[in-house]
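Participant: The structure file structure-v7.cif (mmCIF, C-alpha atoms) is provided below.
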```
data_start
loop_
_atom_site.group_PDB
_atom_site.id
_atom_site.type_symbol
_atom_site.label_atom_id
_atom_site.label_comp_id
_atom_site.auth_asym_id
_atom_site.auth_seq_id
_atom_site.Cartn_x
_atom_site.Cartn_y
_atom_site.Cartn_z
ATOM 1 C CA MET A 292 -31.028 21.852 12.738
ATOM 2 C CA ASP A 293 -30.048 24.274 15.492
ATOM 3 C CA ILE A 294 -26.237 24.370 15.460
ATOM 4 C CA ASN A 295 -26.249 25.342 19.148
ATOM 5 C CA ARG A 296 -27.405 21.805 19.943
ATOM 6 C CA LEU A 297 -24.522 20.231 18.010
ATOM 7 C CA ASP A 298 -21.696 18.572 19.954
ATOM 8 C CA LEU A 299 -18.414 18.577 17.991
ATOM 9 C CA ASN A 300 -17.650 15.102 19.294
ATOM 10 C CA LEU A 301 -20.637 13.774 17.336
ATOM 11 C CA LEU A 302 -18.961 14.919 14.133
ATOM 12 C CA ARG A 303 -15.690 13.257 15.134
ATOM 13 C CA VAL A 304 -17.514 9.980 15.659
ATOM 14 C CA PHE A 305 -19.400 10.388 12.388
ATOM 15 C CA ASP A 306 -16.140 11.026 10.505
ATOM 16 C CA ALA A 307 -14.448 7.972 12.023
ATOM 17 C CA VAL A 308 -17.417 5.680 11.298
ATOM 18 C CA TYR A 309 -17.568 6.988 7.732
ATOM 19 C CA ARG A 310 -13.851 6.365 7.144
ATOM 20 C CA HIS A 311 -13.765 2.914 8.720
ATOM 21 C CA ARG A 312 -17.275 1.788 7.666
ATOM 22 C CA SER A 313 -17.424 0.290 11.138
ATOM 23 C CA VAL A 314 -18.684 1.561 14.509
ATOM 24 C CA SER A 315 -16.347 -0.733 16.460
ATOM 25 C CA ARG A 316 -13.211 0.350 14.560
ATOM 26 C CA ALA A 317 -14.240 3.996 14.887
ATOM 27 C CA ALA A 318 -14.681 3.537 18.632
ATOM 28 C CA GLU A 319 -11.227 1.951 18.862
ATOM 29 C CA GLU A 320 -9.626 4.877 17.014
ATOM 30 C CA LEU A 321 -11.314 7.448 19.269
ATOM 31 C CA GLY A 322 -10.819 5.577 22.523
ATOM 32 C CA LEU A 323 -14.549 5.073 23.087
ATOM 33 C CA SER A 324 -16.633 2.050 23.909
ATOM 34 C CA GLN A 325 -18.681 0.672 21.042
ATOM 35 C CA PRO A 326 -22.017 1.552 22.764
ATOM 36 C CA ALA A 327 -20.814 5.151 23.245
ATOM 37 C CA ALA A 328 -19.872 5.444 19.570
ATOM 38 C CA SER A 329 -23.177 3.914 18.502
ATOM 39 C CA GLN A 330 -25.069 6.298 20.779
ATOM 40 C CA ALA A 331 -23.221 9.276 19.242
ATOM 41 C CA VAL A 332 -24.275 8.203 15.739
ATOM 42 C CA THR A 333 -27.861 7.870 16.947
ATOM 43 C CA ARG A 334 -27.803 11.346 18.534
ATOM 44 C CA LEU A 335 -26.510 12.892 15.311
ATOM 45 C CA ARG A 336 -29.139 11.030 13.292
ATOM 46 C CA LEU A 337 -31.881 12.395 15.526
ATOM 47 C CA LEU A 338 -30.488 15.939 15.307
ATOM 48 C CA LEU A 339 -30.348 15.778 11.504
ATOM 49 C CA GLY A 340 -33.578 13.868 11.089
ATOM 50 C CA ASN A 341 -31.940 11.545 8.541
ATOM 51 C CA ALA A 342 -30.519 8.048 8.617
ATOM 52 C CA LEU A 343 -26.738 8.191 8.202
ATOM 53 C CA PHE A 344 -25.646 4.555 8.032
ATOM 54 C CA GLU A 345 -27.192 1.252 7.054
ATOM 55 C CA ARG A 346 -26.144 -1.968 8.718
ATOM 56 C CA MET A 347 -24.491 -4.533 6.461
ATOM 57 C CA HIS A 348 -22.387 -7.646 6.926
ATOM 58 C CA GLY A 349 -19.105 -6.722 8.620
ATOM 59 C CA GLY A 350 -19.928 -3.061 9.214
ATOM 60 C CA VAL A 351 -22.080 -0.172 7.999
ATOM 61 C CA ARG A 352 -22.699 1.594 4.702
ATOM 62 C CA PRO A 353 -23.193 5.383 4.493
ATOM 63 C CA THR A 354 -26.481 6.661 3.130
ATOM 64 C CA PRO A 355 -26.550 9.309 0.369
ATOM 65 C CA ARG A 356 -27.125 11.927 3.107
ATOM 66 C CA ALA A 357 -23.996 10.739 4.907
ATOM 67 C CA GLU A 358 -21.974 10.838 1.679
ATOM 68 C CA ARG A 359 -22.920 14.484 1.177
ATOM 69 C CA LEU A 360 -22.193 15.338 4.800
ATOM 70 C CA ALA A 361 -18.877 13.495 4.995
ATOM 71 C CA ARG A 362 -16.804 15.856 2.871
ATOM 72 C CA VAL A 363 -18.105 18.943 4.713
ATOM 73 C CA VAL A 364 -17.357 17.355 8.081
ATOM 74 C CA ARG A 365 -13.896 16.219 6.973
ATOM 75 C CA GLU A 366 -13.026 19.715 5.763
ATOM 76 C CA ALA A 367 -14.307 21.305 8.970
ATOM 77 C CA LEU A 368 -12.403 18.894 11.218
ATOM 78 C CA ALA A 369 -9.244 19.265 9.144
ATOM 79 C CA ALA A 370 -9.446 23.042 9.423
ATOM 80 C CA LEU A 371 -9.835 22.750 13.192
ATOM 81 C CA GLU A 372 -6.962 20.282 13.436
ATOM 82 C CA VAL A 373 -4.671 22.583 11.476
ATOM 83 C CA GLY A 374 -5.759 25.667 13.389
ATOM 84 C CA LEU A 375 -5.314 24.032 16.771
ATOM 85 C CA GLY A 376 -2.133 22.283 15.689
ATOM 86 C CA GLU A 377 -0.507 25.575 14.731
ATOM 87 C CA ALA A 378 -0.736 26.634 18.363
ATOM 88 C CA GLN A 379 1.602 23.881 19.498
ATOM 89 C CA ALA A 380 4.671 22.288 17.966
ATOM 90 C CA PHE A 381 4.701 18.570 17.269
ATOM 91 C CA ASP A 382 6.932 16.778 19.792
ATOM 92 C CA PRO A 383 8.050 13.483 18.189
ATOM 93 C CA GLN A 384 9.634 12.175 21.403
ATOM 94 C CA ALA A 385 6.326 12.500 23.259
ATOM 95 C CA ALA A 386 3.982 11.595 20.377
ATOM 96 C CA ARG A 387 1.813 8.468 20.556
ATOM 97 C CA GLN A 388 0.378 8.807 17.062
ATOM 98 C CA VAL A 389 -0.494 6.301 14.342
ATOM 99 C CA PHE A 390 0.546 7.227 10.804
ATOM 100 C CA ARG A 391 -1.019 5.352 7.892
ATOM 101 C CA ILE A 392 1.009 5.131 4.684
ATOM 102 C CA HIS A 393 0.203 3.627 1.305
ATOM 103 C CA LEU A 394 3.044 1.331 0.213
ATOM 104 C CA SER A 395 3.088 -1.605 -2.169
ATOM 105 C CA ASP A 396 4.707 -4.861 -1.042
ATOM 106 C CA ILE A 397 7.927 -3.908 -2.805
ATOM 107 C CA GLY A 398 7.673 -0.403 -1.342
ATOM 108 C CA GLU A 399 7.465 -1.858 2.162
ATOM 109 C CA ALA A 400 10.736 -3.709 1.563
ATOM 110 C CA ARG A 401 12.422 -0.605 0.168
ATOM 111 C CA PHE A 402 11.307 2.034 2.687
ATOM 112 C CA LEU A 403 10.156 0.487 5.977
ATOM 113 C CA PRO A 404 13.480 -0.812 7.393
ATOM 114 C CA ALA A 405 15.165 2.601 7.310
ATOM 115 C CA LEU A 406 11.993 4.449 8.324
ATOM 116 C CA MET A 407 11.359 2.239 11.360
ATOM 117 C CA ALA A 408 14.986 2.492 12.448
ATOM 118 C CA ALA A 409 14.785 6.291 12.279
ATOM 119 C CA LEU A 410 11.471 6.421 14.154
ATOM 120 C CA ARG A 411 12.830 4.246 16.930
ATOM 121 C CA ALA A 412 15.467 6.904 17.614
ATOM 122 C CA ARG A 413 13.433 10.021 16.860
ATOM 123 C CA ALA A 414 9.852 9.153 17.800
ATOM 124 C CA PRO A 415 9.717 5.885 19.774
ATOM 125 C CA GLY A 416 5.996 6.143 20.565
ATOM 126 C CA ILE A 417 4.839 6.509 16.966
ATOM 127 C CA ARG A 418 3.246 3.561 15.157
ATOM 128 C CA ILE A 419 3.147 3.000 11.413
ATOM 129 C CA GLU A 420 0.383 1.132 9.588
ATOM 130 C CA THR A 421 0.733 0.401 5.879
ATOM 131 C CA LEU A 422 -2.514 0.566 3.971
ATOM 132 C CA PRO A 423 -2.065 -0.456 0.318
ATOM 133 C CA LEU A 424 -4.956 0.859 -1.771
ATOM 134 C CA PRO A 425 -5.940 0.769 -5.446
ATOM 135 C CA MET A 426 -4.404 3.750 -7.230
ATOM 136 C CA ASP A 427 -7.819 5.269 -7.935
ATOM 137 C CA ASP A 428 -8.600 5.409 -4.189
ATOM 138 C CA ILE A 429 -5.386 7.002 -2.906
ATOM 139 C CA ALA A 430 -6.124 10.702 -3.441
ATOM 140 C CA ASP A 431 -9.550 10.431 -1.795
ATOM 141 C CA ALA A 432 -8.092 8.499 1.161
ATOM 142 C CA LEU A 433 -5.472 11.231 1.646
ATOM 143 C CA ASP A 434 -8.191 13.906 1.535
ATOM 144 C CA ARG A 435 -10.368 12.024 4.027
ATOM 145 C CA GLY A 436 -7.488 11.406 6.421
ATOM 146 C CA THR A 437 -7.592 7.631 6.045
ATOM 147 C CA LEU A 438 -4.030 7.930 4.733
ATOM 148 C CA ASP A 439 -1.391 10.341 5.994
ATOM 149 C CA ALA A 440 0.970 9.783 3.058
ATOM 150 C CA ALA A 441 1.492 7.613 -0.004
ATOM 151 C CA ILE A 442 4.856 6.546 -1.421
ATOM 152 C CA GLY A 443 5.442 4.963 -4.806
ATOM 153 C CA PHE A 444 5.333 5.267 -8.558
ATOM 154 C CA LEU A 445 1.729 6.411 -8.732
ATOM 155 C CA PRO A 446 1.090 7.967 -12.160
ATOM 156 C CA GLY A 447 -2.680 7.776 -11.681
ATOM 157 C CA VAL A 448 -2.621 9.868 -8.462
ATOM 158 C CA LEU A 449 -2.935 13.401 -9.803
ATOM 159 C CA SER A 450 -4.854 15.658 -7.387
ATOM 160 C CA THR A 451 -2.308 15.643 -4.551
ATOM 161 C CA GLU A 452 0.754 17.506 -3.423
ATOM 162 C CA ARG A 453 3.890 15.492 -4.156
ATOM 163 C CA SER A 454 7.654 15.472 -3.803
ATOM 164 C CA VAL A 455 9.913 13.283 -5.954
ATOM 165 C CA LEU A 456 12.074 11.075 -3.738
ATOM 166 C CA LEU A 457 14.095 9.161 -6.295
ATOM 167 C CA GLN A 458 14.458 8.269 -9.955
ATOM 168 C CA ASP A 459 14.657 4.597 -10.882
ATOM 169 C CA HIS A 460 14.378 2.312 -13.881
ATOM 170 C CA TYR A 461 13.422 -1.272 -14.643
ATOM 171 C CA CYS A 462 16.020 -3.935 -15.342
ATOM 172 C CA VAL A 463 16.208 -7.744 -15.550
ATOM 173 C CA LEU A 464 17.103 -9.983 -12.607
ATOM 174 C CA LEU A 465 18.427 -13.527 -13.204
ATOM 175 C CA ARG A 466 20.121 -16.143 -11.082
ATOM 176 C CA SER A 467 23.905 -15.785 -11.241
ATOM 177 C CA LEU A 468 24.337 -19.161 -12.977
ATOM 178 C CA HIS A 469 21.688 -18.544 -15.627
ATOM 179 C CA PRO A 470 22.661 -20.109 -18.997
ATOM 180 C CA LEU A 471 22.092 -16.812 -20.821
ATOM 181 C CA LEU A 472 24.974 -15.212 -18.939
ATOM 182 C CA ARG A 473 27.460 -17.599 -20.583
ATOM 183 C CA LYS A 474 26.238 -16.594 -24.055
ATOM 184 C CA LYS A 475 25.709 -12.862 -23.448
ATOM 185 C CA LYS A 476 27.815 -10.755 -25.827
ATOM 186 C CA SER A 477 26.899 -7.203 -24.818
ATOM 187 C CA ALA A 478 26.355 -5.282 -21.581
ATOM 188 C CA GLN A 479 22.693 -4.662 -22.413
ATOM 189 C CA LEU A 480 20.069 -7.227 -23.321
ATOM 190 C CA GLY A 481 18.463 -6.541 -26.677
ATOM 191 C CA ILE A 482 15.115 -7.813 -27.870
ATOM 192 C CA ASP A 483 16.619 -11.009 -29.306
ATOM 193 C CA ALA A 484 18.176 -11.902 -25.959
ATOM 194 C CA LEU A 485 14.957 -11.042 -24.136
ATOM 195 C CA ARG A 486 13.059 -13.413 -26.428
ATOM 196 C CA GLN A 487 15.294 -16.237 -25.239
ATOM 197 C CA LEU A 488 14.155 -15.737 -21.656
ATOM 198 C CA GLU A 489 11.097 -16.995 -19.825
ATOM 199 C CA PHE A 490 9.574 -14.654 -17.272
ATOM 200 C CA VAL A 491 7.786 -14.492 -13.971
ATOM 201 C CA ALA A 492 5.355 -11.557 -13.916
ATOM 202 C CA VAL A 493 3.749 -9.866 -10.917
ATOM 203 C CA ARG A 494 0.071 -8.993 -11.203
ATOM 204 C CA SER A 495 0.135 -6.306 -8.513
ATOM 205 C CA HIS A 496 2.707 -4.266 -10.478
ATOM 206 C CA SER A 497 1.088 -3.413 -13.769
ATOM 207 C CA GLU A 498 4.099 -1.557 -15.198
ATOM 208 C CA THR A 499 6.164 -4.733 -15.522
ATOM 209 C CA LEU A 500 3.278 -6.423 -17.302
ATOM 210 C CA ARG A 501 2.937 -3.381 -19.553
ATOM 211 C CA ILE A 502 6.600 -3.653 -20.555
ATOM 212 C CA LEU A 503 6.243 -7.336 -21.442
ATOM 213 C CA GLN A 504 3.123 -6.570 -23.437
ATOM 214 C CA ALA A 505 4.863 -3.728 -25.302
ATOM 215 C CA LEU A 506 7.700 -6.092 -26.217
ATOM 216 C CA GLU A 507 5.167 -8.762 -27.275
ATOM 217 C CA LEU A 508 6.646 -11.164 -24.748
ATOM 218 C CA THR A 509 3.501 -12.173 -22.888
ATOM 219 C CA ASP A 510 3.764 -15.639 -24.450
ATOM 220 C CA ARG A 511 7.101 -15.975 -22.598
ATOM 221 C CA ILE A 512 5.455 -15.577 -19.169
ATOM 222 C CA ARG A 513 5.622 -18.919 -17.378
ATOM 223 C CA LEU A 514 4.475 -17.776 -13.948
ATOM 224 C CA SER A 515 2.082 -15.017 -12.913
ATOM 225 C CA ALA A 516 2.546 -14.265 -9.196
ATOM 226 C CA ALA A 517 0.485 -12.101 -6.865
ATOM 227 C CA HIS A 518 3.373 -10.470 -4.958
ATOM 228 C CA PHE A 519 6.865 -9.299 -5.789
ATOM 229 C CA LEU A 520 8.734 -10.456 -2.707
ATOM 230 C CA ALA A 521 8.364 -14.177 -3.433
ATOM 231 C CA VAL A 522 9.803 -13.684 -6.911
ATOM 232 C CA PRO A 523 13.578 -13.483 -6.132
ATOM 233 C CA ALA A 524 13.431 -16.845 -4.348
ATOM 234 C CA ILE A 525 11.751 -18.308 -7.432
ATOM 235 C CA VAL A 526 14.318 -16.707 -9.753
ATOM 236 C CA SER A 527 17.203 -18.088 -7.657
ATOM 237 C CA GLN A 528 16.033 -21.666 -8.196
ATOM 238 C CA THR A 529 14.885 -21.508 -11.825
ATOM 239 C CA ASP A 530 15.889 -20.020 -15.165
ATOM 240 C CA LEU A 531 13.001 -17.553 -15.007
ATOM 241 C CA ALA A 532 13.760 -13.838 -15.317
ATOM 242 C CA VAL A 533 11.899 -10.939 -13.725
ATOM 243 C CA ILE A 534 11.660 -7.277 -14.695
ATOM 244 C CA MET A 535 11.909 -5.200 -11.537
ATOM 245 C CA PRO A 536 13.093 -1.809 -10.236
ATOM 246 C CA HIS A 537 16.862 -1.425 -10.269
ATOM 247 C CA GLU A 538 17.007 -0.126 -6.666
ATOM 248 C CA ILE A 539 15.302 -3.245 -5.335
ATOM 249 C CA ALA A 540 17.172 -5.652 -7.604
ATOM 250 C CA GLU A 541 20.530 -4.235 -6.472
ATOM 251 C CA ASP A 542 19.779 -5.299 -2.912
ATOM 252 C CA PHE A 543 19.313 -8.919 -3.969
ATOM 253 C CA VAL A 544 22.516 -8.840 -6.018
ATOM 254 C CA ARG A 545 24.436 -7.619 -2.946
ATOM 255 C CA ARG A 546 23.198 -10.634 -1.014
ATOM 256 C CA GLY A 547 24.687 -12.946 -3.657
ATOM 257 C CA GLY A 548 23.344 -15.483 -6.145
ATOM 258 C CA TYR A 549 21.809 -13.003 -8.627
ATOM 259 C CA ALA A 550 22.823 -11.103 -11.741
ATOM 260 C CA LEU A 551 21.393 -7.727 -12.696
ATOM 261 C CA LEU A 552 21.228 -6.794 -16.375
ATOM 262 C CA GLU A 553 20.254 -3.635 -18.171
ATOM 263 C CA ALA A 554 17.892 -4.202 -21.089
ATOM 264 C CA SER A 555 16.251 -2.421 -23.998
ATOM 265 C CA LEU A 556 12.909 -1.844 -22.270
ATOM 266 C CA PRO A 557 10.313 0.720 -23.410
ATOM 267 C CA ASP A 558 9.488 3.634 -21.071
ATOM 268 C CA HIS A 559 11.483 1.966 -18.327
ATOM 269 C CA ARG A 560 12.377 5.065 -16.285
ATOM 270 C CA PHE A 561 10.074 6.282 -13.519
ATOM 271 C CA ALA A 562 9.947 8.511 -10.443
ATOM 272 C CA VAL A 563 9.023 7.402 -6.929
ATOM 273 C CA SER A 564 7.194 10.219 -5.118
ATOM 274 C CA LEU A 565 5.800 11.096 -1.709
ATOM 275 C CA HIS A 566 2.132 12.170 -1.990
ATOM 276 C CA TRP A 567 -0.056 13.989 0.534
ATOM 277 C CA SER A 568 -3.277 16.011 0.669
ATOM 278 C CA ARG A 569 -2.991 19.789 0.506
ATOM 279 C CA ARG A 570 -5.829 19.853 3.041
ATOM 280 C CA PHE A 571 -3.380 18.611 5.685
ATOM 281 C CA ALA A 572 -0.296 20.277 4.245
ATOM 282 C CA GLN A 573 0.303 22.443 7.354
ATOM 283 C CA GLU A 574 -0.650 19.981 10.090
ATOM 284 C CA PRO A 575 2.476 19.772 12.298
ATOM 285 C CA ALA A 576 2.517 15.989 12.756
ATOM 286 C CA LYS A 577 2.193 15.329 9.034
ATOM 287 C CA VAL A 578 4.738 18.029 8.202
ATOM 288 C CA TRP A 579 7.172 16.264 10.532
ATOM 289 C CA LEU A 580 6.493 12.850 8.977
ATOM 290 C CA ARG A 581 7.017 14.152 5.440
ATOM 291 C CA ALA A 582 10.247 15.894 6.433
ATOM 292 C CA CYS A 583 11.504 12.664 7.986
ATOM 293 C CA ILE A 584 10.685 10.642 4.845
ATOM 294 C CA GLU A 585 12.295 13.209 2.547
ATOM 295 C CA GLU A 586 15.442 13.371 4.678
ATOM 296 C CA LEU A 587 15.791 9.598 4.628
ATOM 297 C CA PHE A 588 14.974 8.826 1.017
ATOM 298 C CA ARG A 589 15.173 11.813 -1.300
ATOM 299 C CA GLN A 590 18.125 11.452 -3.631
ATOM 300 C CA PRO A 591 20.097 14.634 -4.422
ATOM 301 C CA GLN A 592 19.428 14.202 -8.143
ATOM 302 C CA ALA A 593 15.681 14.127 -7.454
ATOM 303 C CA GLY A 594 15.974 17.837 -6.674
ATOM 304 C CA ALA A 595 13.093 19.705 -5.101
ATOM 305 C CA GLU A 596 10.476 18.802 -7.693
ATOM 306 C CA ARG A 597 6.995 19.227 -6.339
ATOM 307 C CA GLY A 598 3.631 19.308 -8.011
ATOM 308 C CA ARG A 599 -0.067 18.541 -7.976
#
```
Please lay out the structure from this file as structure tokens.

Facilitator:
Amino acid sequence: MDINRLDLNLLRVFDAVYRHRSVSRAAEELGLSQPAASQAVTRLRLLLGNALFERMHGGVRPTPRAERLARVVREALAALEVGLGEAQAFDPQAARQVFRIHLSDIGEARFLPALMAALRARAPGIRIETLPLPMDDIADALDRGTLDAAIGFLPGVLSTERSVLLQDHYCVLLRSLHPLLRKKKSAQLGIDALRQLEFVAVRSHSETLRILQALELTDRIRLSAAHFLAVPAIVSQTDLAVIMPHEIAEDFVRRGGYALLEASLPDHRFAVSLHWSRRFAQEPAKVWLRACIEELFRQPQAGAERGR
């Protein structure tokens, strides 16, 4: 292919279609009509002499040729974005940008209220979209630009830049009138006391299930729920207990009607980190977003730990 015939905008459309697996959603992101986006894909296909996408129900699927091309295009566009972005500072007051962040349901409850309040004052035109992904997909989504950042306890996300925001640990949440509280003799629940409890477990948070399995308490699970945020309401009206992060549990205790207990739980300490792709590490908008998140949420004891 003669590179002199290549229009950079064709690559931008290709990248958006590849990320969204949809011509219509790509067109929406780029501010194009759907026919214009479709025509751009066709022009690039003719220039390359290869089919790039196959139609399927609900969108398109990239061909092997498109899969090989996608990473090269993403790297080239990212380099251009960084290079051009360095020439101008990011102005949060004037920005009309969409940032996409991986957060679990419990992460949304922990981080979004303070983040949205800060953005309203600092960057009123910015929009946030949460995009929860399987752990195995997060690093690739950050590299492709589908995600701008990921926040959480993500031990399986290894090939990213990261900054520890806070240290936390798991504990046990009960209703304040739970019968066990009348019989409790020590400040910390031991294994015998834990065996007296019945639990609600949350499938989307594998660490809590791992703890119950390690304690051989899976036979004490009476409810397996899909999401964390329905669980406190269930706990408040039953004698079920739930293992959950201390930072989140404390918020429910402050509202009243709950008791928070420390317990002898295996490997119960963990770090919540901010993750991003080193490919976009210097892009001004993303630098600003990360700085905002770190200012809001990084605990002093978390230090300046960073890694890959």

Participant: With all atoms listed in the file as the basis for distance, which of A:Pro575, A:Ala385, A:Arg466, A:Cys583 is at the shortest distance from Ile525 in chain A?

Facilitator: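 Of A:Pro575, A:Ala385, A:Arg466, A:Cys583, the one nearest Ile525 in chain A, counting all atoms listed in the file, is A:Arg466.
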
Participant: Given the file shown, enumerate the residues that the PyMOL selection byres ((chain A and resi 417-428) around 7) captures and present them as a ChimeraX atom specification.

Facilitator: /A:386-395,414-416,429-432,445,447-448

Participant: Filtering to C-alpha atoms, could you give me those residues as a PDB file, in the coordinates of the input?

Facilitator:
```pdb
ATOM      1  CA  ALA A 386       3.982  11.595  20.377  1.00  0.00           C
ATOM      2  CA  ARG A 387       1.813   8.468  20.556  1.00  0.00           C
ATOM      3  CA  GLN A 388       0.378   8.807  17.062  1.00  0.00           C
ATOM      4  CA  VAL A 389      -0.494   6.301  14.342  1.00  0.00           C
ATOM      5  CA  PHE A 390       0.546   7.227  10.804  1.00  0.00           C
ATOM      6  CA  ARG A 391      -1.019   5.352   7.892  1.00  0.00           C
ATOM      7  CA  ILE A 392       1.009   5.131   4.684  1.00  0.00           C
ATOM      8  CA  HIS A 393       0.203   3.627   1.305  1.00  0.00           C
ATOM      9  CA  LEU A 394       3.044   1.331   0.213  1.00  0.00           C
ATOM     10  CA  SER A 395       3.088  -1.605  -2.169  1.00  0.00           C
ATOM     11  CA  ALA A 414       9.852   9.153  17.800  1.00  0.00           C
ATOM     12  CA  PRO A 415       9.717   5.885  19.774  1.00  0.00           C
ATOM     13  CA  GLY A 416       5.996   6.143  20.565  1.00  0.00           C
ATOM     14  CA  ILE A 429      -5.386   7.002  -2.906  1.00  0.00           C
ATOM     15  CA  ALA A 430      -6.124  10.702  -3.441  1.00  0.00           C
ATOM     16  CA  ASP A 431      -9.550  10.431  -1.795  1.00  0.00           C
ATOM     17  CA  ALA A 432      -8.092   8.499   1.161  1.00  0.00           C
ATOM     18  CA  LEU A 445       1.729   6.411  -8.732  1.00  0.00           C
ATOM     19  CA  GLY A 447      -2.680   7.776 -11.681  1.00  0.00           C
ATOM     20  CA  VAL A 448      -2.621   9.868  -8.462  1.00  0.00           C
TER      21      VAL A 448
END
```

Participant: Convert the output of the PyMOL selection byres ((chain A and resi 406) around 12) on the shown file into explicit residues, formatted as a compact mmCIF listing (two decimals) with C-alpha atoms, keeping the file's coordinate frame.

Facilitator:
```txt
# COMPACT_ATOMS: atom_id res chain seq x y z
CA ILE A 392 1.01 5.13 4.68
CA GLY A 398 7.67 -0.40 -1.34
CA GLU A 399 7.46 -1.86 2.16
CA ALA A 400 10.74 -3.71 1.56
CA ARG A 401 12.42 -0.60 0.17
CA PHE A 402 11.31 2.03 2.69
CA LEU A 403 10.16 0.49 5.98
CA PRO A 404 13.48 -0.81 7.39
CA ALA A 405 15.16 2.60 7.31
CA MET A 407 11.36 2.24 11.36
CA ALA A 408 14.99 2.49 12.45
CA ALA A 409 14.78 6.29 12.28
CA LEU A 410 11.47 6.42 14.15
CA ARG A 411 12.83 4.25 16.93
CA ALA A 412 15.47 6.90 17.61
CA ARG A 413 13.43 10.02 16.86
CA ALA A 414 9.85 9.15 17.80
CA PRO A 415 9.72 5.88 19.77
CA ILE A 417 4.84 6.51 16.97
CA ARG A 418 3.25 3.56 15.16
CA ILE A 419 3.15 3.00 11.41
CA LEU A 580 6.49 12.85 8.98
CA ARG A 581 7.02 14.15 5.44
CA ALA A 582 10.25 15.89 6.43
CA CYS A 583 11.50 12.66 7.99
CA ILE A 584 10.68 10.64 4.84
CA GLU A 585 12.30 13.21 2.55
CA GLU A 586 15.44 13.37 4.68
CA LEU A 587 15.79 9.60 4.63
CA PHE A 588 14.97 8.83 1.02
```

Participant: Starting from the shown file, work through the PyMOL selection byres ((chain A and resi 361) around 12) and note down what comes out as number ranges by chain.

Facilitator: A: 302-310, 343-344, 353-360, 362-369, 431, 434-436

Participant: A:Leu321, A:Ala492, A:Val578, A:Leu301: which is nearest Leu338 in chain A, counting all atoms listed in the file?

Facilitator: A:Leu301

Participant: Hey, what's within 12 Å of Arg513 in chain A if we count only C-alpha atoms and toss same-chain stuff fewer than 2 positions away? As a ChimeraX atom specification, please?

Facilitator: /A:488-493,508-511,515-516,525-526,529-533

Participant: Mind giving me the straight-line distance from CA of Cys462 in chain A to CA of Val522 in chain A in Å, one decimal?

Facilitator: 14.3 Å

Participant: Which of these residues is nearest to Pro591 in chain A, using only C-alpha atoms: A:Ala576, A:Leu456, A:Met535, A:Ala484?

Facilitator: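 The closest residue to Pro591 in chain A is A:Leu456.
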
Participant: Separation of CA of Ser329 in chain A and CA of Arg346 in chain A, in Å?

Facilitator: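 Between CA of Ser329 in chain A and CA of Arg346 in chain A the gap is 11.8 Å.
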
Participant: Using only C-alpha atoms, find the one residue out of A:Leu464, A:Ala572, A:Ile482, A:Arg453 that sits nearest to Gly548 in chain A.

Facilitator: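 Using only C-alpha atoms, Gly548 in chain A sits closest to A:Leu464.
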
Participant: So which one's closest to Ile534 in chain A, A:Trp579, A:Phe381, A:Phe444, A:Phe519? Using all atoms listed in the file, please.

Facilitator: A:Phe519

Participant: Between CA of Val455 in chain A and CA of Leu565 in chain A, what distance in Å does the model show, to one decimal?

Facilitator: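 Computing it gives 6.3 Å between the two atoms.
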
Participant: Using only C-alpha atoms, can you tell me which of A:His518, A:His496, A:Lys475, A:Ser467 comes closest to Arg546 in chain A?

Facilitator: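 Ranking A:His518, A:His496, A:Lys475, A:Ser467 by distance to Arg546 in chain A, first place goes to A:Ser467.
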
Participant: Here's a test: counting all atoms listed in the file, identify every protein, DNA and RNA residue with an atom at most 9 Å from (5.2, 12.8, -4.4) in the file's coordinate frame, and state them as a PyMOL selection string.

Facilitator: chain A and resi 441-445+451-456+562-567+596-599

Participant: Please, could you write that set of residues out with C-alpha atoms as a short mmCIF file (atom, residue, chain, number, x, y, z; two decimals), in the coordinates of the input?

Facilitator:
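Writing the result to part-v3.cif gives the following:
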```
data_model
loop_
_atom_site.label_atom_id
_atom_site.label_comp_id
_atom_site.auth_asym_id
_atom_site.auth_seq_id
_atom_site.Cartn_x
_atom_site.Cartn_y
_atom_site.Cartn_z
CA ALA A 441 1.49 7.61 0.00
CA ILE A 442 4.86 6.55 -1.42
CA GLY A 443 5.44 4.96 -4.81
CA PHE A 444 5.33 5.27 -8.56
CA LEU A 445 1.73 6.41 -8.73
CA THR A 451 -2.31 15.64 -4.55
CA GLU A 452 0.75 17.51 -3.42
CA ARG A 453 3.89 15.49 -4.16
CA SER A 454 7.65 15.47 -3.80
CA VAL A 455 9.91 13.28 -5.95
CA LEU A 456 12.07 11.08 -3.74
CA ALA A 562 9.95 8.51 -10.44
CA VAL A 563 9.02 7.40 -6.93
CA SER A 564 7.19 10.22 -5.12
CA LEU A 565 5.80 11.10 -1.71
CA HIS A 566 2.13 12.17 -1.99
CA TRP A 567 -0.06 13.99 0.53
CA GLU A 596 10.48 18.80 -7.69
CA ARG A 597 7.00 19.23 -6.34
CA GLY A 598 3.63 19.31 -8.01
CA ARG A 599 -0.07 18.54 -7.98
#
```
